[in-house]
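Structure below is run_21.cif: mmCIF, C-alpha atoms and all ligand atoms.
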data_coords
loop_
_atom_site.label_atom_id
_atom_site.label_comp_id
_atom_site.auth_asym_id
_atom_site.auth_seq_id
_atom_site.Cartn_x
_atom_site.Cartn_y
_atom_site.Cartn_z
CA MET A 17 31.46 57.21 -93.19
CA LYS A 18 33.32 54.73 -91.04
CA SER A 19 31.35 53.81 -87.96
CA LEU A 20 33.21 54.78 -84.84
CA LEU A 21 33.43 52.94 -81.59
CA LEU A 22 32.39 55.62 -79.17
CA ALA A 23 33.81 56.28 -75.79
CA PHE A 24 34.88 59.06 -73.55
CA LEU A 25 37.05 58.85 -70.48
CA SER A 26 38.58 62.28 -69.97
CA LEU A 27 37.41 65.27 -67.96
CA ALA A 28 34.01 66.30 -69.24
CA PRO A 29 34.39 67.99 -72.59
CA LEU A 30 30.66 68.61 -72.86
CA ALA A 31 29.81 71.11 -70.19
CA GLY A 32 26.68 71.42 -68.05
CA GLN A 33 24.57 72.54 -70.95
CA HIS A 34 20.88 72.34 -71.47
CA LYS A 35 21.53 72.56 -75.20
CA THR A 36 22.44 69.80 -77.59
CA LEU A 37 25.59 69.88 -79.64
CA GLU A 38 23.47 70.77 -82.69
CA GLN A 39 21.84 73.70 -80.86
CA LEU A 40 25.24 74.95 -79.74
CA THR A 41 26.63 74.54 -83.23
CA GLN A 42 23.88 76.78 -84.48
CA GLU A 43 24.14 79.40 -81.73
CA VAL A 44 27.84 79.93 -80.97
CA PRO A 45 29.67 82.36 -83.29
CA LEU A 46 32.93 80.44 -83.34
CA ILE A 47 33.97 76.80 -83.81
CA VAL A 48 37.65 76.01 -84.12
CA ALA A 49 39.95 73.03 -83.93
CA GLY A 50 43.32 73.58 -82.35
CA GLN A 51 45.82 72.70 -79.72
CA VAL A 52 46.04 73.87 -76.11
CA ALA A 53 49.34 75.79 -76.14
CA SER A 54 49.23 76.47 -72.42
CA ALA A 55 46.91 76.04 -69.45
CA ASP A 56 48.30 77.70 -66.33
CA SER A 57 46.36 77.64 -63.08
CA PHE A 58 46.49 80.28 -60.38
CA GLU A 59 44.64 81.17 -57.21
CA GLY A 60 42.22 84.06 -57.60
CA THR A 61 41.61 86.75 -55.00
CA ASP A 62 38.50 84.83 -53.99
CA GLY A 63 40.61 81.77 -53.14
CA GLU A 64 39.25 79.82 -56.09
CA ILE A 65 41.49 78.20 -58.69
CA TYR A 66 41.40 79.67 -62.22
CA THR A 67 43.25 78.66 -65.37
CA ARG A 68 44.66 80.92 -68.08
CA VAL A 69 44.37 79.14 -71.41
CA ARG A 70 45.95 79.78 -74.81
CA ILE A 71 44.69 77.93 -77.87
CA ASP A 72 46.65 77.77 -81.13
CA VAL A 73 43.95 77.66 -83.79
CA ALA A 74 44.62 75.20 -86.60
CA SER A 75 41.29 75.23 -88.41
CA VAL A 76 38.20 77.44 -88.29
CA LEU A 77 34.92 75.60 -88.89
CA LYS A 78 32.58 78.47 -88.08
CA ASP A 79 33.39 82.17 -87.78
CA ASP A 80 30.26 84.35 -87.75
CA ASP A 81 32.12 87.45 -86.60
CA GLY A 82 34.82 87.14 -89.26
CA ASN A 83 37.67 87.33 -86.74
CA SER A 84 39.75 84.54 -88.31
CA PRO A 85 41.55 84.08 -84.98
CA GLN A 86 45.01 82.49 -84.99
CA GLN A 87 45.11 82.28 -81.24
CA LEU A 88 42.56 82.40 -78.42
CA ASP A 89 43.27 83.55 -74.86
CA PHE A 90 40.81 83.27 -72.00
CA THR A 91 40.53 82.41 -68.32
CA VAL A 92 38.26 79.68 -66.98
CA LYS A 93 37.19 78.66 -63.48
CA GLY A 94 38.89 75.57 -62.03
CA GLY A 95 42.29 74.00 -62.59
CA GLN A 96 45.17 72.38 -60.77
CA LEU A 97 47.48 73.94 -58.19
CA GLY A 98 50.00 71.46 -56.83
CA ASP A 99 48.09 68.35 -55.85
CA ARG A 100 44.76 70.14 -55.56
CA VAL A 101 42.33 69.99 -58.48
CA VAL A 102 39.07 71.90 -58.81
CA HIS A 103 36.70 71.04 -61.62
CA PHE A 104 33.43 72.75 -62.52
CA THR A 105 31.18 70.50 -64.57
CA ASP A 106 29.77 73.43 -66.55
CA VAL A 107 33.18 74.80 -67.50
CA PRO A 108 35.35 73.27 -70.24
CA HIS A 109 38.56 71.73 -69.02
CA PHE A 110 41.90 72.24 -70.77
CA GLU A 111 45.19 70.35 -70.61
CA THR A 112 48.36 71.63 -72.28
CA GLY A 113 49.04 69.79 -75.53
CA GLU A 114 45.48 68.55 -75.93
CA THR A 115 43.95 68.56 -79.41
CA ILE A 116 40.48 70.03 -79.11
CA LEU A 117 37.41 71.27 -80.85
CA LEU A 118 36.23 74.48 -79.22
CA LEU A 119 32.76 76.00 -79.44
CA GLY A 120 32.05 79.48 -78.10
CA SER A 121 33.26 82.97 -78.83
CA THR A 122 36.75 84.44 -78.95
CA ASN A 123 36.88 84.96 -75.18
CA THR A 124 34.22 82.60 -73.81
CA PRO A 125 34.58 78.86 -74.40
CA GLU A 126 31.28 77.05 -74.07
CA GLU A 127 32.47 73.56 -74.95
CA SER A 128 35.80 71.88 -75.42
CA ILE A 129 35.82 68.45 -77.02
CA ASP A 130 38.87 66.19 -76.89
CA LEU A 131 39.63 65.11 -80.45
CA ALA A 132 41.94 62.33 -79.26
CA GLN A 133 38.83 60.45 -78.15
CA SER A 134 36.78 58.56 -80.70
CA SER A 135 33.73 60.24 -79.16
CA GLY A 136 35.36 63.59 -79.89
CA ARG A 137 35.72 62.66 -83.57
CA ALA A 138 32.11 61.53 -83.56
CA ALA A 139 31.08 64.93 -82.12
CA LEU A 140 33.12 66.64 -84.84
CA ASN A 141 31.32 64.59 -87.48
CA ARG A 142 27.95 65.47 -85.94
CA ILE A 143 28.81 69.16 -86.15
CA ARG A 144 30.00 68.91 -89.76
CA GLN A 145 26.92 66.92 -90.73
CA TYR A 146 24.66 69.40 -88.97
CA ARG A 147 26.26 72.36 -90.74
CA GLN A 148 26.00 70.61 -94.06
CA ASP A 149 22.30 69.78 -93.44
CA ALA A 150 21.68 73.40 -92.45
CA GLY A 151 23.22 74.58 -95.74
CA ALA A 152 26.20 76.22 -94.03
CA PRO A 153 29.13 76.97 -96.34
CA ASN A 154 31.07 73.79 -96.77
CA ASN A 155 34.62 74.98 -96.78
CA GLU A 156 36.59 72.18 -98.43
CA PHE A 157 39.84 73.98 -97.79
CA GLU A 158 39.16 74.16 -94.04
CA LEU A 159 38.09 70.53 -93.88
CA ARG A 160 41.28 69.38 -95.60
CA ARG A 161 43.32 71.55 -93.27
CA LEU A 162 41.45 70.10 -90.29
CA GLN A 163 42.18 66.57 -91.46
CA ARG A 164 45.90 67.34 -91.82
CA PHE A 165 45.88 68.87 -88.35
CA LEU A 166 44.24 65.77 -86.86
CA ASP A 167 46.62 63.43 -88.68
CA ARG A 168 49.55 65.36 -87.30
CA THR A 169 48.47 65.97 -83.73
CA SER A 170 46.38 63.19 -82.37
CA THR A 171 45.97 59.49 -82.37
CA MET A 172 42.42 58.53 -81.73
CA GLU A 173 41.77 56.41 -78.67
CA LEU A 174 39.23 53.65 -78.90
CA ASP A 175 37.97 52.59 -75.55
CA ALA A 176 34.47 51.40 -75.12
CA THR A 177 33.85 49.05 -72.25
CA ASN A 178 30.56 50.82 -71.88
CA PRO A 179 30.27 53.80 -74.23
CA CYS A 180 27.55 55.34 -72.06
CA SER A 181 29.66 55.47 -68.88
CA ALA A 182 32.01 58.43 -68.53
CA PHE A 183 34.17 59.47 -65.60
CA LEU A 184 35.62 62.65 -64.18
CA GLY A 185 38.61 60.63 -62.89
CA PRO A 186 38.43 60.93 -59.10
CA LYS A 187 36.03 59.20 -56.73
CA TRP A 188 35.21 59.14 -53.01
CA ALA A 189 37.50 57.02 -50.83
CA SER A 190 34.52 55.40 -49.14
CA PRO A 191 31.28 54.67 -50.99
CA SER A 192 29.32 57.55 -49.50
CA ALA A 193 29.04 61.32 -49.49
CA ALA A 194 26.97 63.64 -47.34
CA TYR A 195 25.20 66.73 -48.63
CA SER A 196 23.31 69.61 -47.09
CA LEU A 197 20.60 71.94 -48.36
CA GLY A 198 21.93 75.49 -48.47
CA ALA A 199 20.00 78.46 -47.12
CA SER A 200 19.40 79.78 -50.63
CA LEU A 201 17.48 76.65 -51.59
CA PRO A 202 13.69 76.97 -51.17
CA PRO A 203 12.46 74.38 -48.61
CA SER A 204 9.97 73.14 -51.20
CA TRP A 205 12.92 71.79 -53.19
CA ALA A 206 14.00 69.31 -50.49
CA PRO A 207 11.90 66.30 -51.59
CA ALA A 208 13.07 66.61 -55.21
CA ILE A 209 16.72 66.90 -54.14
CA GLN A 210 16.41 63.92 -51.79
CA ALA A 211 14.73 61.81 -54.47
CA ALA A 212 17.57 62.67 -56.85
CA ALA A 213 20.20 61.56 -54.31
CA GLN A 214 18.19 58.42 -53.62
CA ALA A 215 18.32 57.36 -57.28
CA TRP A 216 22.10 56.91 -56.95
CA SER A 217 21.94 55.39 -53.45
CA GLN A 218 19.70 52.71 -54.96
CA GLY A 219 21.63 52.47 -58.23
CA GLY A 220 23.09 49.00 -57.71
CA SER A 221 26.33 49.82 -55.89
CA SER A 222 27.04 50.24 -52.19
CA PHE A 223 27.38 54.01 -52.73
CA ALA A 224 24.97 56.23 -50.78
CA PHE A 225 24.32 59.96 -50.52
CA ASN A 226 23.24 61.04 -47.03
CA LEU A 227 21.46 64.26 -46.16
CA SER A 228 23.24 65.88 -43.22
CA SER A 229 22.62 69.47 -42.16
CA THR A 230 26.27 69.85 -41.08
CA SER A 231 27.79 68.66 -44.37
CA PRO A 232 30.01 71.22 -46.17
CA HIS A 233 28.85 69.71 -49.48
CA SER A 234 25.99 72.10 -49.98
CA ILE A 235 23.39 72.57 -52.66
CA SER A 236 22.37 76.11 -53.48
CA LEU A 237 20.51 78.37 -55.86
CA ALA A 238 22.48 81.28 -57.31
CA ASP A 239 23.01 83.41 -60.39
CA LEU A 240 25.23 81.48 -62.83
CA GLY A 241 24.66 83.97 -65.62
CA ALA A 242 22.48 84.02 -68.69
CA GLY A 243 24.59 81.51 -70.64
CA THR A 244 23.70 77.92 -71.19
CA THR A 245 24.30 76.54 -67.70
CA LEU A 246 21.32 75.06 -65.86
CA ALA A 247 23.35 73.89 -62.89
CA SER A 248 26.97 73.41 -62.00
CA THR A 249 28.68 70.96 -59.70
CA ARG A 250 32.10 71.88 -58.39
CA VAL A 251 34.23 68.93 -57.38
CA GLU A 252 37.58 69.13 -55.64
CA TYR A 253 40.08 66.30 -55.41
CA PHE A 254 43.74 65.44 -55.01
CA ARG A 255 45.53 64.28 -58.13
CA SER A 256 47.95 62.04 -56.19
CA SER A 257 45.17 59.98 -54.65
CA MET A 258 42.40 60.77 -57.17
CA GLN A 259 40.13 61.04 -54.13
CA LEU A 260 37.20 63.45 -54.09
CA VAL A 261 37.24 65.62 -50.99
CA ARG A 262 34.53 68.18 -51.62
CA PHE A 263 31.58 68.97 -53.82
CA THR A 264 29.06 71.76 -54.07
CA MET A 265 26.12 72.00 -56.43
CA THR A 266 24.57 75.23 -57.69
CA PHE A 267 21.32 75.65 -59.62
CA ASN A 268 21.10 78.68 -61.88
CA ASN A 269 18.34 81.02 -60.64
CA ARG A 270 17.99 82.45 -64.15
CA TYR A 271 15.77 79.48 -64.98
CA ASN A 272 12.26 78.66 -63.94
CA TRP A 273 12.48 75.59 -61.67
CA LYS A 274 9.55 73.34 -60.81
CA THR A 275 8.95 70.06 -59.00
CA SER A 276 6.64 68.96 -61.84
CA PRO A 277 7.58 70.87 -64.92
CA GLN A 278 5.65 72.17 -67.86
CA ASN A 279 7.21 73.42 -71.08
CA GLY A 280 9.46 76.36 -70.47
CA THR A 281 10.29 75.27 -66.92
CA PHE A 282 12.92 72.84 -65.70
CA ASP A 283 12.43 69.88 -63.40
CA ILE A 284 14.53 70.13 -60.21
CA GLN A 285 14.79 66.37 -59.68
CA ASN A 286 15.74 65.77 -63.32
CA VAL A 287 18.71 68.12 -63.18
CA ALA A 288 19.65 67.28 -59.57
CA THR A 289 19.95 63.57 -60.42
CA HIS A 290 22.36 64.48 -63.23
CA GLU A 291 24.41 66.75 -60.96
CA PHE A 292 24.60 64.14 -58.17
CA GLY A 293 26.14 61.84 -60.82
CA HIS A 294 28.95 64.39 -61.20
CA ALA A 295 29.25 64.65 -57.39
CA LEU A 296 30.11 60.95 -57.19
CA GLY A 297 32.60 61.08 -60.08
CA LEU A 298 30.71 60.55 -63.34
CA GLY A 299 31.22 62.63 -66.49
CA HIS A 300 29.21 63.06 -69.66
CA PRO A 301 29.01 60.24 -72.20
CA SER A 302 29.19 61.73 -75.67
CA ALA A 303 28.29 58.87 -77.99
CA SER A 304 25.08 59.96 -79.69
CA THR A 305 23.51 56.62 -78.69
CA CYS A 306 23.68 57.72 -75.03
CA ALA A 307 21.13 60.54 -75.27
CA GLU A 308 18.69 58.80 -72.90
CA GLU A 309 21.25 58.53 -70.08
CA THR A 310 20.97 60.63 -66.94
CA MET A 311 24.60 61.73 -67.45
CA TRP A 312 23.93 62.95 -71.01
CA ALA A 313 25.16 66.55 -71.07
CA SER A 314 22.03 68.33 -72.24
CA ALA A 315 18.57 68.56 -70.74
CA GLY A 316 15.44 70.10 -72.15
CA SER A 317 12.66 72.07 -70.50
CA GLY A 318 9.85 69.88 -69.24
CA GLU A 319 12.19 66.89 -69.25
CA ILE A 320 11.99 64.29 -66.46
CA LYS A 321 13.76 61.27 -68.03
CA LYS A 322 16.96 61.95 -66.07
CA ARG A 323 15.15 61.26 -62.78
CA SER A 324 15.77 57.53 -63.31
CA LEU A 325 19.13 55.92 -64.08
CA GLU A 326 19.89 54.13 -67.34
CA ALA A 327 22.27 51.26 -68.09
CA GLY A 328 25.35 53.46 -68.67
CA ASP A 329 24.69 55.47 -65.49
CA ARG A 330 24.43 52.29 -63.41
CA ALA A 331 27.47 50.72 -65.08
CA GLY A 332 29.51 53.84 -64.33
CA LEU A 333 28.38 53.82 -60.69
CA VAL A 334 29.31 50.15 -60.29
CA THR A 335 32.68 50.71 -62.03
CA LEU A 336 33.50 53.38 -59.44
CA TYR A 337 32.14 51.78 -56.28
CA GLY A 338 31.53 48.10 -57.03
CA ALA A 339 28.27 46.23 -57.17
CA SER A 340 26.22 46.27 -53.99
CA SER A 341 26.87 43.24 -51.84
CA THR A 342 23.71 41.40 -52.65
CA THR A 343 21.76 40.52 -49.53
CA PRO A 344 21.40 36.73 -49.66
CA PRO A 345 17.77 35.68 -50.06
CA PRO A 346 16.24 34.04 -47.00
CA PRO A 347 17.07 30.33 -47.05
CA PRO A 348 14.23 28.09 -48.17
CA PRO A 349 12.50 26.36 -45.24
CA THR A 350 14.36 23.19 -44.49
CA THR A 351 13.72 20.31 -42.14
CA ILE A 352 15.34 21.07 -38.83
CA PRO A 353 17.91 18.34 -38.28
CA THR A 354 17.55 16.13 -35.27
CA PRO A 355 20.67 16.07 -33.13
CA THR A 356 22.50 12.79 -33.41
CA THR A 357 23.62 11.61 -29.98
CA SER A 358 26.62 9.32 -29.90
CA TYR A 359 27.34 9.35 -26.18
CA PHE A 360 25.52 10.17 -23.00
CA SER A 361 26.84 10.15 -19.50
CA LEU A 362 25.70 11.08 -16.11
CA VAL A 363 28.77 12.47 -14.46
CA SER A 364 27.91 11.11 -11.05
CA THR A 365 27.28 7.75 -9.56
CA ASN A 366 24.14 6.24 -10.96
CA PRO A 367 21.65 6.35 -9.41
CA VAL A 368 22.62 9.65 -7.81
CA SER A 369 21.41 11.46 -4.78
CA THR A 370 23.72 14.43 -4.69
CA ARG A 371 22.68 17.50 -6.56
CA PRO A 372 23.32 19.43 -8.76
CA ILE A 373 23.76 16.77 -11.38
CA THR A 374 25.85 17.06 -14.52
CA LEU A 375 24.79 15.46 -17.81
CA VAL A 376 26.98 15.33 -20.89
CA PHE A 377 25.82 14.69 -24.44
CA ARG A 378 28.25 14.14 -27.28
CA ALA A 379 26.21 15.13 -30.25
CA SER A 380 26.40 16.48 -33.79
CA SER A 381 24.00 18.19 -36.22
CA TYR A 382 22.71 20.78 -33.83
CA ASP A 383 22.64 24.54 -33.78
CA PRO A 384 24.60 25.63 -30.69
CA ALA A 385 22.57 28.80 -30.50
CA THR A 386 19.23 27.09 -30.18
CA VAL A 387 19.86 23.50 -29.05
CA GLU A 388 17.92 22.35 -25.99
CA ALA A 389 16.81 19.19 -24.29
CA LEU A 390 13.36 17.98 -23.29
CA LEU A 391 13.25 16.20 -20.01
CA THR A 392 10.25 13.98 -19.26
CA GLY A 393 9.36 11.85 -16.26
CA GLY A 394 10.02 12.61 -12.62
CA VAL A 395 8.69 16.00 -11.65
CA CYS A 396 8.51 17.00 -15.32
CA GLY A 397 5.79 14.46 -16.08
CA THR A 398 4.76 13.72 -19.64
CA ALA A 399 4.58 17.39 -20.66
CA GLY A 400 8.28 17.66 -19.87
CA CYS A 401 10.69 20.38 -18.82
CA ILE A 402 12.99 22.19 -21.19
CA VAL A 403 16.62 22.46 -20.17
CA ARG A 404 19.28 24.43 -21.97
CA PRO A 405 22.96 23.60 -22.08
CA TYR A 406 25.06 25.04 -19.32
CA ALA A 407 28.02 24.90 -21.68
CA ILE A 408 28.86 23.74 -25.17
CA SER A 409 32.38 22.54 -25.81
CA THR A 410 33.72 21.51 -29.21
CA ALA A 411 31.70 18.34 -29.20
CA ASP A 412 29.88 18.07 -25.91
CA LEU A 413 26.72 19.60 -24.57
CA VAL A 414 26.86 19.94 -20.82
CA PHE A 415 23.68 20.24 -18.78
CA ILE A 416 23.90 20.99 -15.08
CA ASN A 417 20.72 21.09 -13.07
CA ASN A 418 19.34 20.64 -9.64
CA TYR A 419 17.23 17.63 -10.70
CA GLN A 420 14.53 16.49 -8.26
CA PRO A 421 14.31 12.78 -7.46
CA GLY A 422 12.68 10.67 -10.14
CA THR A 423 13.33 8.68 -13.30
CA TYR A 424 13.85 10.88 -16.32
CA SER A 425 14.14 10.56 -20.05
CA ILE A 426 16.13 13.26 -21.88
CA ARG A 427 16.08 13.99 -25.62
CA LEU A 428 17.90 16.69 -27.62
CA ARG A 429 16.43 18.88 -30.27
CA SER A 430 18.01 21.61 -32.42
CA THR A 431 15.28 24.17 -31.81
CA SER A 432 12.15 24.31 -29.77
CA ALA A 433 10.23 23.45 -32.94
CA GLY A 434 12.56 20.66 -34.04
CA PRO A 435 12.01 16.93 -33.77
CA LEU A 436 13.40 15.12 -30.74
CA GLY A 437 16.45 12.87 -30.88
CA ALA A 438 16.98 9.52 -29.24
CA ALA A 439 16.09 9.21 -25.54
CA SER A 440 18.62 8.61 -22.79
CA SER A 441 17.43 7.74 -19.28
CA PHE A 442 18.69 8.32 -15.74
CA THR A 443 17.36 8.18 -12.25
CA VAL A 444 17.81 10.62 -9.41
CA ARG A 445 17.13 9.46 -5.87
ZN ZN B 1 26.68 67.63 -66.45
#
Please render this file's structure as structure tokens.
Ligand SMILES: [Zn+2]
Amino acid sequence: MKSLLLAFLSLAPLAGQHKTLEQLTQEVPLIVAGQVASADSFEGTDGEIYTRVRIDVASVLKDDDGNSPQQLDFTVKGGQLGDRVVHFTDVPHFETGETILLLGSTNTPEESIDLAQSSGRAALNRIRQYRQDAGAPNNEFELRRLQRFLDRTSTMELDATNPCSAFLGPKWASPSAAYSLGASLPPSWAPAIQAAAQAWSQGGSSFAFNLSSTSPHSISLADLGAGTTLASTRVEYFRSSMQLVRFTMTFNNRYNWKTSPQNGTFDIQNVATHEFGHALGLGHPSASTCAEETMWASAGSGEIKKRSLEAGDRAGLVTLYGASSTTPPPPPPTTIPTPTTSYFSLVSTNPVSTRPITLVFRASSYDPATVEALLTGGVCGTAGCIVRPYAISTADLVFINNYQPGTYSIRLRSTSAGPLGAASSFTVR
């Protein structure tokens, strides 16, 4: 079999499953390839957007119930109304005209895979291989029909800058998003949720999640049904700007959640890190080589590997929000330059007896923020007095002081720890 360059850049075809494609292939009663004949969104009585979908079935790869469907009709959560788009990461997404592989039952789609993507073809090959390995009937007629359908309907897109980075499409306008912990979330979950958000805040871009009790982007625990969904993130954005404006995250209370999981229970931080990836705009990579990524669509019980980000997760984050402006390392200790004095004048008659007295240095190689002068002699003695510039013009350092009578020597230095420059002398009577 030809090796495929794997990539995926459309709205998540693999939903928020905790099952692998192979597990789903085994468990769903129906797998078909077909075309989305229509996908019409409407606002439900609850104010949420829903989409009525019709699929024209071209080829049936698995049909446990013997329905031989020609057409599938169902309604899914999410969709587009005008400029407003709502997407649930656990619900397949459908676009009119799309060529897809659908796994589920006649009225409940569990996964929709875009066959115009090379990753979609790779998923199709995984399913066929799995069915063949499992001794499922290998229907040559159906496979030939499927191939004709694919030849006719879709050109495969190869796009693999990083095959393990996938995107929902929209992103936040500024590299940050707040979130709050909903009332339904047990307080004991907070550290795991915060650690999950932190993984992305420290993921190598300037993006940060911030916990804020007033944020509408809430995280909750609710009944998402007995299907295959561990958790679901709902994102809302505007198609014109492709800017995310809202997200909410829901954990399914049908599962046994733990902060340190054993077999049969699910790790909160593991799944939360994955869902936060959706909340900032990442989708599911589907190349089979990406199974270790945090954004990989399926998660097992007892699993904690999604707590930390992998290369594709980080690359996706940086693609969306840019690399973090690297804080420059502290400069290596250098010798503090000695100010070079090219001119010195006592702006008064010399010797002077009227005070205050103005001194002007023309100097270079000094730090205007820290430059000072050491005055010795007169009342300052050998220990000296420190005087700071009264003003610094483009080139001149101006010292004005009420000098007491005496003969003085004055030397500049860049900082109080720096070496002293050449001495200039003056006398005050
Ligand atoms: Zn997901």
Sorted per-residue table, chain A near ligand ZN 1 (chain B), closest atoms and distance, 12 Å, all atoms listed in the file, as a tab-separated table:
residue	atom	partner	partner_atom	distance
A:Leu27	CA	B:ZN1	ZN	11.1
A:Ala28	CA	B:ZN1	ZN	8.0
A:Pro29	CA	B:ZN1	ZN	9.9
A:Leu30	CA	B:ZN1	ZN	7.6
A:Ala31	CA	B:ZN1	ZN	6.0
A:Gly32	CA	B:ZN1	ZN	4.1
A:Gln33	CA	B:ZN1	ZN	7.0
A:His34	CA	B:ZN1	ZN	9.0
A:Lys35	CA	B:ZN1	ZN	11.3
A:His103	CA	B:ZN1	ZN	11.6
A:Phe104	CA	B:ZN1	ZN	9.3
A:Thr105	CA	B:ZN1	ZN	5.7
A:Asp106	CA	B:ZN1	ZN	6.6
A:Val107	CA	B:ZN1	ZN	9.7
A:Pro108	CA	B:ZN1	ZN	11.0
A:Glu127	CA	B:ZN1	ZN	11.9
A:Ala182	CA	B:ZN1	ZN	10.8
A:Phe183	CA	B:ZN1	ZN	11.1
A:Leu184	CA	B:ZN1	ZN	10.5
A:Thr244	CA	B:ZN1	ZN	11.7
A:Thr245	CA	B:ZN1	ZN	9.3
A:Leu246	CA	B:ZN1	ZN	9.2
A:Ala247	CA	B:ZN1	ZN	7.9
A:Ser248	CA	B:ZN1	ZN	7.3
A:Thr249	CA	B:ZN1	ZN	7.8
A:Arg250	CA	B:ZN1	ZN	10.6
A:Val251	CA	B:ZN1	ZN	11.9
A:Met265	CA	B:ZN1	ZN	10.9
A:Thr266	CA	B:ZN1	ZN	11.8
A:Phe267	CA	B:ZN1	ZN	11.8
A:Asn286	CA	B:ZN1	ZN	11.5
A:Val287	CA	B:ZN1	ZN	8.6
A:Ala288	CA	B:ZN1	ZN	9.8
A:Thr289	CA	B:ZN1	ZN	9.9
A:His290	CA	B:ZN1	ZN	6.2
A:Glu291	CA	B:ZN1	ZN	6.0
A:Phe292	CA	B:ZN1	ZN	9.2
A:Gly293	CA	B:ZN1	ZN	8.1
A:His294	CA	B:ZN1	ZN	6.6
A:Ala295	CA	B:ZN1	ZN	9.9
A:Leu296	CA	B:ZN1	ZN	11.9
A:Gly297	CA	B:ZN1	ZN	10.9
A:Leu298	CA	B:ZN1	ZN	8.7
A:Gly299	CA	B:ZN1	ZN	6.8
A:His300	CA	B:ZN1	ZN	6.1
A:Pro301	CA	B:ZN1	ZN	9.6
A:Ser302	CA	B:ZN1	ZN	11.2
A:Glu309	CA	B:ZN1	ZN	11.2
A:Thr310	CA	B:ZN1	ZN	9.0
A:Met311	CA	B:ZN1	ZN	6.3
A:Trp312	CA	B:ZN1	ZN	7.1
A:Ala313	CA	B:ZN1	ZN	5.0
A:Ser314	CA	B:ZN1	ZN	7.5
A:Ala315	CA	B:ZN1	ZN	9.2
A:Lys322	CA	B:ZN1	ZN	11.3
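Atom pair atom CA of Val48 of chain A / atom CA of Lys78 of chain A has a distance of 6.9 Å (rounded to one decimal).
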Select, from A:Gly397, A:Leu325, A:Ala139, A:Ala238, the residue with the minimum atom-to-atom distance to Gln214 of chain A, counting all atoms listed in the file.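 The closest residue to Gln214 of chain A is A:Leu325.
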Can you tell me how far atom CA of Leu260 of chain A sits from atom CA of Ser229 of chain A, in Å to one decimal?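 The value is 19.8 Å.
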Shortest interatomic distance to Asp89 of chain A - which of A:Ser380, A:Gln148, A:Thr124, A:Gln39, counting only C-alpha atoms: A:Thr124
For Thr281 of chain A, which residue among A:Glu319, A:Asp383, A:Asp72, A:Glu59 is the nearest when counting all atoms listed in the file?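 Answer, going by the shortest atom-to-atom distance: A:Glu319.
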Residues near Glu111 of chain A, anyone? I mean within 8 Å using only C-alpha atoms, not counting same-chain ones fewer than 6 positions away, as JSON, numbers by chain. {"A": [52, 54, 55]}
Could you pull the residues within 10 Å of Ala327 of chain A, counting all atoms listed in the file, minus those fewer than 2 positions along the same chain, as an NGL selection string? :A and (178 or 180-181 or 219 or 306 or 308-310 or 325 or 329-333)
